[in-house]
file structure-v8.pdb (PDB, C-alpha atoms)
ATOM      1  CA  MET A   1     104.754  53.946 113.971  1.00  0.00           C
ATOM      2  CA  ASP A   2     107.295  52.719 111.399  1.00  0.00           C
ATOM      3  CA  SER A   3     110.491  54.719 111.978  1.00  0.00           C
ATOM      4  CA  SER A   4     112.064  53.286 108.820  1.00  0.00           C
ATOM      5  CA  GLN A   5     109.621  55.139 106.557  1.00  0.00           C
ATOM      6  CA  ASN A   6     111.373  56.873 103.646  1.00  0.00           C
ATOM      7  CA  LEU A   7     110.354  60.515 104.048  1.00  0.00           C
ATOM      8  CA  ALA A   8     111.462  61.462 100.547  1.00  0.00           C
ATOM      9  CA  ASP A   9     108.868  59.034  99.182  1.00  0.00           C
ATOM     10  CA  ALA A  10     106.130  59.893 101.670  1.00  0.00           C
ATOM     11  CA  PRO A  11     103.182  61.425  99.798  1.00  0.00           C
ATOM     12  CA  THR A  12     102.366  63.702 102.757  1.00  0.00           C
ATOM     13  CA  ILE A  13     105.736  65.488 102.556  1.00  0.00           C
ATOM     14  CA  PRO A  14     105.544  68.411 100.065  1.00  0.00           C
ATOM     15  CA  SER A  15     108.461  68.426  97.658  1.00  0.00           C
ATOM     16  CA  GLU A  16     109.478  71.977  98.613  1.00  0.00           C
ATOM     17  CA  LEU A  17     110.404  70.728 102.077  1.00  0.00           C
ATOM     18  CA  MET A  18     112.995  68.309 100.727  1.00  0.00           C
ATOM     19  CA  GLY A  19     115.398  71.033  99.601  1.00  0.00           C
ATOM     20  CA  GLN A  20     118.557  72.405 101.181  1.00  0.00           C
ATOM     21  CA  LEU A  21     118.431  74.228 104.532  1.00  0.00           C
ATOM     22  CA  PRO A  22     117.813  76.950 105.431  1.00  0.00           C
ATOM     23  CA  ARG A  23     114.785  77.316 103.187  1.00  0.00           C
ATOM     24  CA  ARG A  24     113.555  80.617 101.818  1.00  0.00           C
ATOM     25  CA  THR A  25     110.196  81.506 103.357  1.00  0.00           C
ATOM     26  CA  CYS A  26     107.150  83.616 102.581  1.00  0.00           C
ATOM     27  CA  ILE A  27     104.122  84.414 104.706  1.00  0.00           C
ATOM     28  CA  SER A  28     101.033  82.240 104.244  1.00  0.00           C
ATOM     29  CA  ASN A  29      97.335  83.050 104.495  1.00  0.00           C
ATOM     30  CA  ASN A  30      97.412  81.825 108.101  1.00  0.00           C
ATOM     31  CA  GLY A  31     100.311  84.162 108.746  1.00  0.00           C
ATOM     32  CA  ILE A  32      98.459  87.100 107.229  1.00  0.00           C
ATOM     33  CA  ARG A  33      95.499  86.402 109.525  1.00  0.00           C
ATOM     34  CA  MET A  34      97.809  86.230 112.542  1.00  0.00           C
ATOM     35  CA  ALA A  35      99.481  89.509 111.559  1.00  0.00           C
ATOM     36  CA  ILE A  36      96.077  91.191 111.163  1.00  0.00           C
ATOM     37  CA  ALA A  37      94.992  89.893 114.586  1.00  0.00           C
ATOM     38  CA  ALA A  38      98.188  91.187 116.192  1.00  0.00           C
ATOM     39  CA  THR A  39      97.798  94.581 114.519  1.00  0.00           C
ATOM     40  CA  GLY A  40      94.179  94.814 115.664  1.00  0.00           C
ATOM     41  CA  LEU A  41      95.059  93.977 119.273  1.00  0.00           C
ATOM     42  CA  LEU A  42      97.909  96.488 119.303  1.00  0.00           C
ATOM     43  CA  ALA A  43      95.671  99.181 117.813  1.00  0.00           C
ATOM     44  CA  PHE A  44      92.997  98.455 120.432  1.00  0.00           C
ATOM     45  CA  ALA A  45      95.602  98.644 123.221  1.00  0.00           C
ATOM     46  CA  VAL A  46      96.849 102.017 121.948  1.00  0.00           C
ATOM     47  CA  PHE A  47      93.295 103.353 121.605  1.00  0.00           C
ATOM     48  CA  LEU A  48      92.308 102.123 125.064  1.00  0.00           C
ATOM     49  CA  SER A  49      95.429 103.643 126.598  1.00  0.00           C
ATOM     50  CA  TYR A  50      94.678 106.941 124.876  1.00  0.00           C
ATOM     51  CA  VAL A  51      91.083 106.945 126.155  1.00  0.00           C
ATOM     52  CA  VAL A  52      92.026 105.937 129.718  1.00  0.00           C
ATOM     53  CA  VAL A  53      94.860 108.444 130.010  1.00  0.00           C
ATOM     54  CA  GLY A  54      92.764 111.158 128.350  1.00  0.00           C
ATOM     55  CA  ASN A  55      89.815 110.602 130.684  1.00  0.00           C
ATOM     56  CA  SER A  56      92.081 110.556 133.732  1.00  0.00           C
ATOM     57  CA  LEU A  57      93.768 113.817 132.735  1.00  0.00           C
ATOM     58  CA  LYS A  58      90.393 115.404 131.977  1.00  0.00           C
ATOM     59  CA  ALA A  59      89.029 114.367 135.394  1.00  0.00           C
ATOM     60  CA  MET A  60      92.120 115.773 137.117  1.00  0.00           C
ATOM     61  CA  ARG A  61      91.825 119.098 135.274  1.00  0.00           C
ATOM     62  CA  THR A  62      88.089 119.325 136.047  1.00  0.00           C
ATOM     63  CA  SER A  63      88.635 118.616 139.757  1.00  0.00           C
ATOM     64  CA  ASP A  64      91.413 121.206 139.941  1.00  0.00           C
ATOM     65  CA  THR A  65      89.302 123.853 138.166  1.00  0.00           C
ATOM     66  CA  LEU A  66      86.309 123.192 140.422  1.00  0.00           C
ATOM     67  CA  ARG A  67      88.499 123.539 143.512  1.00  0.00           C
ATOM     68  CA  ARG A  68      89.948 126.870 142.347  1.00  0.00           C
ATOM     69  CA  GLU A  69      87.007 128.524 140.594  1.00  0.00           C
ATOM     70  CA  GLY A  70      83.877 126.646 141.649  1.00  0.00           C
ATOM     71  CA  SER A  71      80.815 127.851 143.535  1.00  0.00           C
ATOM     72  CA  GLU A  72      78.392 125.751 145.553  1.00  0.00           C
ATOM     73  CA  ALA A  73      74.668 125.112 145.264  1.00  0.00           C
ATOM     74  CA  VAL A  74      72.340 122.751 147.078  1.00  0.00           C
ATOM     75  CA  GLY A  75      71.341 119.847 144.850  1.00  0.00           C
ATOM     76  CA  LEU A  76      68.694 117.190 145.187  1.00  0.00           C
ATOM     77  CA  VAL A  77      69.396 113.474 144.763  1.00  0.00           C
ATOM     78  CA  GLY A  78      67.325 111.960 141.959  1.00  0.00           C
ATOM     79  CA  TRP A  79      68.305 108.337 142.305  1.00  0.00           C
ATOM     80  CA  THR A  80      71.151 106.157 143.502  1.00  0.00           C
ATOM     81  CA  HIS A  81      72.213 102.858 142.011  1.00  0.00           C
ATOM     82  CA  LYS A  82      75.044 100.924 143.622  1.00  0.00           C
ATOM     83  CA  SER A  83      77.940 103.414 143.399  1.00  0.00           C
ATOM     84  CA  GLU A  84      76.252 105.954 141.082  1.00  0.00           C
ATOM     85  CA  VAL A  85      74.180 108.998 142.001  1.00  0.00           C
ATOM     86  CA  ASP A  86      72.045 111.269 139.811  1.00  0.00           C
ATOM     87  CA  TYR A  87      71.193 114.796 141.007  1.00  0.00           C
ATOM     88  CA  THR A  88      69.707 118.139 139.997  1.00  0.00           C
ATOM     89  CA  PHE A  89      70.512 121.680 141.144  1.00  0.00           C
ATOM     90  CA  THR A  90      69.493 125.210 140.219  1.00  0.00           C
ATOM     91  CA  VAL A  91      71.680 128.191 139.286  1.00  0.00           C
ATOM     92  CA  ASP A  92      70.100 131.587 138.518  1.00  0.00           C
ATOM     93  CA  GLY A  93      66.720 129.965 137.948  1.00  0.00           C
ATOM     94  CA  ARG A  94      68.065 127.343 135.538  1.00  0.00           C
ATOM     95  CA  SER A  95      68.011 123.646 136.363  1.00  0.00           C
ATOM     96  CA  PHE A  96      71.081 121.460 135.764  1.00  0.00           C
ATOM     97  CA  THR A  97      71.639 117.758 136.180  1.00  0.00           C
ATOM     98  CA  GLY A  98      74.673 115.641 136.859  1.00  0.00           C
ATOM     99  CA  GLU A  99      75.777 112.194 137.842  1.00  0.00           C
ATOM    100  CA  ALA A 100      78.827 110.902 139.645  1.00  0.00           C
ATOM    101  CA  SER A 101      80.309 107.792 141.182  1.00  0.00           C
ATOM    102  CA  MET A 102      80.183 107.633 144.982  1.00  0.00           C
ATOM    103  CA  PRO A 103      82.594 106.322 147.604  1.00  0.00           C
ATOM    104  CA  ASN A 104      81.217 103.260 149.396  1.00  0.00           C
ATOM    105  CA  GLN A 105      80.633 105.087 152.675  1.00  0.00           C
ATOM    106  CA  VAL A 106      78.593 107.788 150.908  1.00  0.00           C
ATOM    107  CA  ALA A 107      76.575 105.282 148.865  1.00  0.00           C
ATOM    108  CA  LYS A 108      75.249 103.695 152.061  1.00  0.00           C
ATOM    109  CA  SER A 109      73.961 106.990 153.440  1.00  0.00           C
ATOM    110  CA  LEU A 110      72.393 108.725 150.405  1.00  0.00           C
ATOM    111  CA  ASP A 111      68.739 108.254 149.502  1.00  0.00           C
ATOM    112  CA  ARG A 112      66.433 109.735 146.895  1.00  0.00           C
ATOM    113  CA  PHE A 113      65.421 113.382 147.540  1.00  0.00           C
ATOM    114  CA  ASP A 114      68.324 113.906 149.967  1.00  0.00           C
ATOM    115  CA  ARG A 115      70.034 117.286 149.750  1.00  0.00           C
ATOM    116  CA  LEU A 116      73.485 117.186 148.223  1.00  0.00           C
ATOM    117  CA  PRO A 117      75.960 120.131 147.990  1.00  0.00           C
ATOM    118  CA  ILE A 118      77.144 120.548 144.404  1.00  0.00           C
ATOM    119  CA  ARG A 119      80.243 122.421 143.265  1.00  0.00           C
ATOM    120  CA  TYR A 120      79.954 123.928 139.788  1.00  0.00           C
ATOM    121  CA  LEU A 121      81.714 126.378 137.477  1.00  0.00           C
ATOM    122  CA  PRO A 122      79.843 129.720 137.391  1.00  0.00           C
ATOM    123  CA  SER A 123      80.887 130.192 133.761  1.00  0.00           C
ATOM    124  CA  ASN A 124      79.523 126.735 132.832  1.00  0.00           C
ATOM    125  CA  PRO A 125      77.350 125.051 135.495  1.00  0.00           C
ATOM    126  CA  ALA A 126      77.160 121.940 133.313  1.00  0.00           C
ATOM    127  CA  ILE A 127      80.643 121.232 134.692  1.00  0.00           C
ATOM    128  CA  ASN A 128      79.877 120.117 138.218  1.00  0.00           C
ATOM    129  CA  HIS A 129      80.477 117.511 140.875  1.00  0.00           C
ATOM    130  CA  PRO A 130      79.258 116.725 144.405  1.00  0.00           C
ATOM    131  CA  ALA A 131      81.244 118.906 146.792  1.00  0.00           C
ATOM    132  CA  ALA A 132      81.591 116.204 149.459  1.00  0.00           C
ATOM    133  CA  TRP A 133      84.043 114.109 147.432  1.00  0.00           C
ATOM    134  CA  GLU A 134      86.122 114.204 144.257  1.00  0.00           C
ATOM    135  CA  GLU A 135      86.055 111.931 141.235  1.00  0.00           C
ATOM    136  CA  SER A 136      87.203 108.508 142.374  1.00  0.00           C
ATOM    137  CA  ARG A 137      87.020 106.413 139.210  1.00  0.00           C
ATOM    138  CA  SER A 138      90.157 104.314 138.992  1.00  0.00           C
ATOM    139  CA  PRO A 139      91.942 104.114 135.631  1.00  0.00           C
ATOM    140  CA  TRP A 140      93.569 100.817 136.554  1.00  0.00           C
ATOM    141  CA  LEU A 141      90.922  98.578 134.996  1.00  0.00           C
ATOM    142  CA  GLY A 142      91.315 100.306 131.632  1.00  0.00           C
ATOM    143  CA  ILE A 143      95.097 100.229 131.940  1.00  0.00           C
ATOM    144  CA  ALA A 144      94.985  96.508 132.780  1.00  0.00           C
ATOM    145  CA  LEU A 145      92.805  95.833 129.721  1.00  0.00           C
ATOM    146  CA  ALA A 146      95.218  97.799 127.529  1.00  0.00           C
ATOM    147  CA  ILE A 147      98.174  95.803 128.888  1.00  0.00           C
ATOM    148  CA  LEU A 148      96.338  92.508 128.327  1.00  0.00           C
ATOM    149  CA  SER A 149      95.470  93.533 124.762  1.00  0.00           C
ATOM    150  CA  ALA A 150      99.081  94.471 124.060  1.00  0.00           C
ATOM    151  CA  ALA A 151     100.287  91.203 125.594  1.00  0.00           C
ATOM    152  CA  GLY A 152      97.738  89.288 123.511  1.00  0.00           C
ATOM    153  CA  ALA A 153      99.145  90.888 120.361  1.00  0.00           C
ATOM    154  CA  PHE A 154     102.552  89.372 121.074  1.00  0.00           C
ATOM    155  CA  LEU A 155     101.104  85.840 121.057  1.00  0.00           C
ATOM    156  CA  PRO A 156     100.440  85.693 117.281  1.00  0.00           C
ATOM    157  CA  LEU A 157     103.675  87.626 116.689  1.00  0.00           C
ATOM    158  CA  GLY A 158     105.543  84.983 118.682  1.00  0.00           C
ATOM    159  CA  TRP A 159     103.791  82.258 116.683  1.00  0.00           C
ATOM    160  CA  LEU A 160     104.857  83.912 113.438  1.00  0.00           C
ATOM    161  CA  ARG A 161     108.474  84.090 114.584  1.00  0.00           C
ATOM    162  CA  ASN A 162     108.503  80.410 115.558  1.00  0.00           C
ATOM    163  CA  ASP A 163     106.633  79.404 112.398  1.00  0.00           C
ATOM    164  CA  ARG A 164     109.199  81.112 110.209  1.00  0.00           C
ATOM    165  CA  ARG A 165     112.015  79.267 111.954  1.00  0.00           C
ATOM    166  CA  LEU A 166     110.224  75.923 111.590  1.00  0.00           C
ATOM    167  CA  VAL A 167     109.750  76.450 107.849  1.00  0.00           C
ATOM    168  CA  ALA A 168     113.316  77.676 107.371  1.00  0.00           C
ATOM    169  CA  GLU A 169     115.103  75.091 109.526  1.00  0.00           C
ATOM    170  CA  GLY A 170     112.582  72.388 110.440  1.00  0.00           C
ATOM    171  CA  LYS A 171     112.899  68.714 109.609  1.00  0.00           C
ATOM    172  CA  PRO A 172     109.841  67.287 107.810  1.00  0.00           C
ATOM    173  CA  THR A 173     108.358  64.014 108.971  1.00  0.00           C
ATOM    174  CA  VAL A 174     105.115  62.053 108.826  1.00  0.00           C
ATOM    175  CA  ALA A 175     103.034  62.178 111.992  1.00  0.00           C
ATOM    176  CA  VAL A 176     100.036  60.023 112.840  1.00  0.00           C
ATOM    177  CA  ILE A 177      96.940  61.476 114.507  1.00  0.00           C
ATOM    178  CA  THR A 178      96.356  59.806 117.876  1.00  0.00           C
ATOM    179  CA  LYS A 179      93.360  61.832 119.065  1.00  0.00           C
ATOM    180  CA  TRP A 180      90.821  64.264 117.623  1.00  0.00           C
ATOM    181  CA  VAL A 181      89.803  67.280 119.704  1.00  0.00           C
ATOM    182  CA  ARG A 182      86.533  68.957 118.758  1.00  0.00           C
ATOM    183  CA  GLY A 183      86.855  72.729 118.362  1.00  0.00           C
ATOM    184  CA  SER A 184      84.430  75.550 117.676  1.00  0.00           C
ATOM    185  CA  LYS A 185      82.380  76.129 114.502  1.00  0.00           C
ATOM    186  CA  GLY A 186      82.671  72.539 113.315  1.00  0.00           C
ATOM    187  CA  GLY A 187      86.470  72.452 113.420  1.00  0.00           C
ATOM    188  CA  ALA A 188      88.750  69.887 115.027  1.00  0.00           C
ATOM    189  CA  GLY A 189      92.231  69.942 116.448  1.00  0.00           C
ATOM    190  CA  ALA A 190      94.429  66.900 116.899  1.00  0.00           C
ATOM    191  CA  ASP A 191      97.094  65.279 118.994  1.00  0.00           C
ATOM    192  CA  TYR A 192      99.718  63.413 116.988  1.00  0.00           C
ATOM    193  CA  GLU A 193     102.878  61.382 117.309  1.00  0.00           C
ATOM    194  CA  PHE A 194     105.978  61.104 115.142  1.00  0.00           C
ATOM    195  CA  ARG A 195     109.529  59.810 115.264  1.00  0.00           C
ATOM    196  CA  THR A 196     112.526  62.054 114.901  1.00  0.00           C
ATOM    197  CA  GLU A 197     115.455  61.336 112.611  1.00  0.00           C
ATOM    198  CA  CYS A 198     117.214  59.529 115.467  1.00  0.00           C
ATOM    199  CA  GLY A 199     114.143  57.374 116.111  1.00  0.00           C
ATOM    200  CA  SER A 200     112.801  58.853 119.335  1.00  0.00           C
ATOM    201  CA  ALA A 201     109.020  59.113 119.676  1.00  0.00           C
ATOM    202  CA  THR A 202     107.703  62.682 120.069  1.00  0.00           C
ATOM    203  CA  THR A 203     104.209  64.056 120.455  1.00  0.00           C
ATOM    204  CA  GLY A 204     102.577  67.325 119.428  1.00  0.00           C
ATOM    205  CA  SER A 205      99.212  68.964 118.936  1.00  0.00           C
ATOM    206  CA  THR A 206      97.677  71.383 116.478  1.00  0.00           C
ATOM    207  CA  ARG A 207      97.415  75.003 117.542  1.00  0.00           C
ATOM    208  CA  SER A 208      93.973  75.547 116.002  1.00  0.00           C
ATOM    209  CA  ALA A 209      90.921  73.613 114.798  1.00  0.00           C
ATOM    210  CA  MET A 210      92.398  73.089 111.341  1.00  0.00           C
ATOM    211  CA  PHE A 211      90.342  70.006 110.391  1.00  0.00           C
ATOM    212  CA  ASP A 212      86.641  69.503 109.633  1.00  0.00           C
ATOM    213  CA  TRP A 213      85.141  67.611 112.584  1.00  0.00           C
ATOM    214  CA  ASN A 214      82.426  65.957 110.484  1.00  0.00           C
ATOM    215  CA  VAL A 215      85.050  64.604 108.107  1.00  0.00           C
ATOM    216  CA  VAL A 216      87.714  63.409 110.551  1.00  0.00           C
ATOM    217  CA  ARG A 217      85.796  62.243 113.621  1.00  0.00           C
ATOM    218  CA  GLN A 218      85.429  58.681 112.301  1.00  0.00           C
ATOM    219  CA  LYS A 219      88.983  58.443 110.978  1.00  0.00           C
ATOM    220  CA  THR A 220      91.986  57.000 112.816  1.00  0.00           C
ATOM    221  CA  GLY A 221      95.621  56.749 111.861  1.00  0.00           C
ATOM    222  CA  VAL A 222      95.515  59.817 109.601  1.00  0.00           C
ATOM    223  CA  ALA A 223      98.982  60.897 108.463  1.00  0.00           C
ATOM    224  CA  ILE A 224     100.021  64.552 108.284  1.00  0.00           C
ATOM    225  CA  CYS A 225     103.225  66.413 107.533  1.00  0.00           C
ATOM    226  CA  VAL A 226     104.921  67.907 110.594  1.00  0.00           C
ATOM    227  CA  LEU A 227     107.987  70.104 110.861  1.00  0.00           C
ATOM    228  CA  TYR A 228     110.184  69.907 113.958  1.00  0.00           C
ATOM    229  CA  LEU A 229     113.441  71.496 115.027  1.00  0.00           C
ATOM    230  CA  PRO A 230     116.230  68.860 115.213  1.00  0.00           C
ATOM    231  CA  THR A 231     117.714  70.749 118.178  1.00  0.00           C
ATOM    232  CA  ASN A 232     114.349  70.733 120.006  1.00  0.00           C
ATOM    233  CA  PRO A 233     111.835  68.209 118.611  1.00  0.00           C
ATOM    234  CA  ARG A 234     109.225  69.347 121.143  1.00  0.00           C
ATOM    235  CA  GLN A 235     108.943  72.449 118.996  1.00  0.00           C
ATOM    236  CA  ASN A 236     106.830  71.104 116.146  1.00  0.00           C
ATOM    237  CA  LEU A 237     103.654  71.847 114.198  1.00  0.00           C
ATOM    238  CA  PRO A 238     101.808  70.623 111.093  1.00  0.00           C
ATOM    239  CA  TYR A 239     103.139  72.309 107.973  1.00  0.00           C
ATOM    240  CA  GLU A 240      99.618  73.253 106.807  1.00  0.00           C
ATOM    241  CA  GLU A 241      98.993  75.189 110.019  1.00  0.00           C
ATOM    242  CA  LEU A 242     102.098  77.365 109.931  1.00  0.00           C
ATOM    243  CA  GLY A 243     102.097  81.079 109.210  1.00  0.00           C
ATOM    244  CA  TYR A 244     104.865  80.656 106.611  1.00  0.00           C
ATOM    245  CA  ARG A 245     105.455  78.557 103.530  1.00  0.00           C
ATOM    246  CA  VAL A 246     108.542  77.681 101.532  1.00  0.00           C
ATOM    247  CA  ALA A 247     109.063  80.406  98.942  1.00  0.00           C
ATOM    248  CA  GLN A 248     108.899  78.979  95.399  1.00  0.00           C
TER     249      GLN A 248
END
call {"tool": "encode", "arguments": {"input": "structure-v8.pdb", "output": "structure tokens"}}
result
Amino acid sequence: MDSSQNLADAPTIPSELMGQLPRRTCISNNGIRMAIAATGLLAFAVFLSYVVVGNSLKAMRTSDTLRREGSEAVGLVGWTHKSEVDYTFTVDGRSFTGEASMPNQVAKSLDRFDRLPIRYLPSNPAINHPAAWEESRSPWLGIALAILSAAGAFLPLGWLRNDRRLVAEGKPTVAVITKWVRGSKGGAGADYEFRTECGSATTGSTRSAMFDWNVVRQKTGVAICVLYLPTNPRQNLPYEELGYRVAQ
């Protein structure tokens, strides 16, 4: 790559990047999409946490009420499937059904048509549970999913923060594509190389499939505009991919 290239004359360097630093910035369409994705993930994490905590509290209250106020009846196992059991029981001539998760040791010993003691609320027999064990569903899977969703939301937020700094303080340069990477839905990402202001060779890669694979797959030596931080050239990205633009 020619390190003596005059960046001010390079056609791939937008004129707004040649102004004084720090530049004024505004969010781009890419940035709006990232913000929407982050908001959606955070909303999902909050909703999932609400559901998991709510279900756990409800199960605890039900178990406590059954212990204090419940009566027992003899139920009949309808079917078992892995760790789930379905059953029926009768109270005052009325038939009720229920289903519950089973501990592993119980699941191995229960068969269809086995008798199963059921604890129920006399005021509402529809609230019931096998008397031999209490609800054992763990909330940890739901909590883990909520944590992962919340953590995932911080990824696009972190990208936006870094993108804004690149647009505000980054040095523009011309990079040359060294490799195309096929992405999903007909898109393509790329690895590229550029030289910093002091002449050292640095590499980078696009964060998303920002190119059309059918258009670029036969092309080599394509030049793009990249912004990098002079204090850390490894922190770089194509200007067109960033979540911010220079405010006009």
call {"tool": "resolve_selection", "arguments": {"input": "structure-v8.pdb", "expression": "the PyMOL selection byres ((chain A and resi 77) around 12)", "output": "list of chain:residue names"}}
result
A:Val74, A:Gly75, A:Leu76, A:Gly78, A:Trp79, A:Thr80, A:His81, A:Glu84, A:Val85, A:Asp86, A:Tyr87, A:Thr88, A:Phe89, A:Thr97, A:Gly98, A:Glu99, A:Ala100, A:Ala107, A:Ser109, A:Leu110, A:Asp111, A:Arg112, A:Phe113, A:Asp114, A:Arg115, A:Leu116, A:Pro117, A:Ile118, A:Pro130
call {"tool": "closest_residue", "arguments": {"input": "structure-v8.pdb", "among": "A:Thr196, A:Ser56, A:Thr90, A:Thr173", "to": "A:Thr12", "atoms": "all atoms listed in the file"}}
result
A:Thr173
call {"tool": "residues_near_point", "arguments": {"input": "structure-v8.pdb", "point": "(100.0, 63.8, 108.9)", "cutoff": "6 Å", "atoms": "all atoms listed in the file", "output": "list in words"}}
result
Val174, Ala175, Val176, Ala223, Ile224 and Cys225 of chain A
call {"tool": "write_last_selection", "arguments": {"input": "structure-v8.pdb", "atoms": "C-alpha atoms", "output": "compact mmCIF listing (two decimals), in the coordinates of the input"}}
result
# COMPACT_ATOMS: atom_id res chain seq x y z
CA VAL A 174 105.12 62.05 108.83
CA ALA A 175 103.03 62.18 111.99
CA VAL A 176 100.04 60.02 112.84
CA ALA A 223 98.98 60.90 108.46
CA ILE A 224 100.02 64.55 108.28
CA CYS A 225 103.22 66.41 107.53
call {"tool": "resolve_selection", "arguments": {"input": "structure-v8.pdb", "expression": "the PyMOL selection byres ((chain A and resi 239) around 9)", "output": "list in words"}}
result
Leu166, Val167, Pro172, Ile224, Cys225, Val226, Leu227, Leu237, Pro238, Glu240, Glu241, Leu242, Gly243, Tyr244 and Arg245 of chain A
call {"tool": "atom_distance", "arguments": {"input": "structure-v8.pdb", "atom1": "atom CA of A:Ile27", "atom2": "atom CA of A:Gly221"}}
result
29.8 Å
call {"tool": "closest_atom_pairs", "arguments": {"input": "structure-v8.pdb", "of": "stretch 92-150 of chain A", "to": "stretch 30-47 of chain A", "cutoff": "9 Å", "atoms": "only C-alpha atoms", "output": "tab-separated table"}}
result
residue	atom	partner	partner_atom	distance
A:Ile143	CA	A:Ala45	CA	8.9
A:Leu145	CA	A:Ala45	CA	7.6
A:Ala146	CA	A:Ala45	CA	4.4
A:Ile147	CA	A:Ala45	CA	6.8
A:Leu148	CA	A:Ala45	CA	8.0
A:Ser149	CA	A:Ala45	CA	5.3
A:Ala150	CA	A:Leu42	CA	5.3
call {"tool": "residues_around", "arguments": {"input": "structure-v8.pdb", "residues": "A:Val222", "least_positions_apart": "2", "cutoff": "12 Å", "atoms": "all atoms listed in the file", "output": "PyMOL selection string"}}
result
chain A and resi 1+12+174-180+190-194+211+215-220+224-225
call {"tool": "resolve_selection", "arguments": {"input": "structure-v8.pdb", "expression": "the PyMOL selection byres ((chain A and resi 121) around 10)", "output": "PyMOL selection string"}}
result
chain A and resi 62+65-72+119-120+122-129
call {"tool": "atom_distance", "arguments": {"input": "structure-v8.pdb", "atom1": "atom CA of A:Tyr228", "atom2": "atom CA of A:Gly170"}}
result
4.9 Å
call {"tool": "closest_residue", "arguments": {"input": "structure-v8.pdb", "among": "A:Ala168, A:Ala151, A:Ala131, A:Ala201", "to": "A:Thr25", "atoms": "all atoms listed in the file"}}
result
A:Ala168
call {"tool": "atom_distance", "arguments": {"input": "structure-v8.pdb", "atom1": "atom CA of A:Asn29", "atom2": "atom CA of A:Ser208"}}
result
14.1 Å
call {"tool": "closest_residue", "arguments": {"input": "structure-v8.pdb", "among": "A:Phe154, A:Tyr50, A:Phe96, A:Trp159", "to": "A:Arg207", "atoms": "only C-alpha atoms"}}
result
A:Trp159
call {"tool": "build_atoms", "arguments": {"input": "structure-v8.pdb", "residues": "stretch 95-111 of chain A", "atoms": "N, CA and C atoms", "output": "CSV table (one decimal), in the coordinates of the input"}}
result
chain,number,residue,atom,x,y,z
A,95,SER,N,67.8,125.0,135.8
A,95,SER,CA,68.0,123.6,136.4
A,95,SER,C,69.1,122.9,135.6
A,96,PHE,N,70.0,122.3,136.3
A,96,PHE,CA,71.1,121.5,135.8
A,96,PHE,C,71.1,120.1,136.4
A,97,THR,N,71.5,119.1,135.7
A,97,THR,CA,71.6,117.8,136.2
A,97,THR,C,73.1,117.3,136.1
A,98,GLY,N,73.3,116.2,136.9
A,98,GLY,CA,74.7,115.6,136.9
A,98,GLY,C,74.6,114.2,137.4
A,99,GLU,N,75.7,113.5,137.2
A,99,GLU,CA,75.8,112.2,137.8
A,99,GLU,C,77.2,111.9,138.2
A,100,ALA,N,77.5,111.1,139.2
A,100,ALA,CA,78.8,110.9,139.6
A,100,ALA,C,78.9,109.6,140.4
A,101,SER,N,80.1,109.0,140.4
A,101,SER,CA,80.3,107.8,141.2
A,101,SER,C,80.5,108.2,142.6
A,102,MET,N,80.1,107.3,143.6
A,102,MET,CA,80.2,107.6,145.0
A,102,MET,C,81.2,106.7,145.7
A,103,PRO,N,81.8,107.2,146.7
A,103,PRO,CA,82.6,106.3,147.6
A,103,PRO,C,81.6,105.4,148.3
A,104,ASN,N,82.1,104.3,148.8
A,104,ASN,CA,81.2,103.3,149.4
A,104,ASN,C,80.5,103.8,150.6
A,105,GLN,N,81.2,104.6,151.5
A,105,GLN,CA,80.6,105.1,152.7
A,105,GLN,C,79.5,106.1,152.4
A,106,VAL,N,79.6,106.8,151.3
A,106,VAL,CA,78.6,107.8,150.9
A,106,VAL,C,77.4,107.1,150.3
A,107,ALA,N,77.7,106.0,149.5
A,107,ALA,CA,76.6,105.3,148.9
A,107,ALA,C,75.6,104.7,149.9
A,108,LYS,N,76.1,104.3,151.0
A,108,LYS,CA,75.2,103.7,152.1
A,108,LYS,C,74.3,104.7,152.8
A,109,SER,N,74.7,106.0,152.7
A,109,SER,CA,74.0,107.0,153.4
A,109,SER,C,73.1,107.9,152.6
A,110,LEU,N,73.2,107.9,151.3
A,110,LEU,CA,72.4,108.7,150.4
A,110,LEU,C,71.1,108.0,149.9
A,111,ASP,N,70.0,108.8,150.0
A,111,ASP,CA,68.7,108.3,149.5
A,111,ASP,C,68.1,109.3,148.5
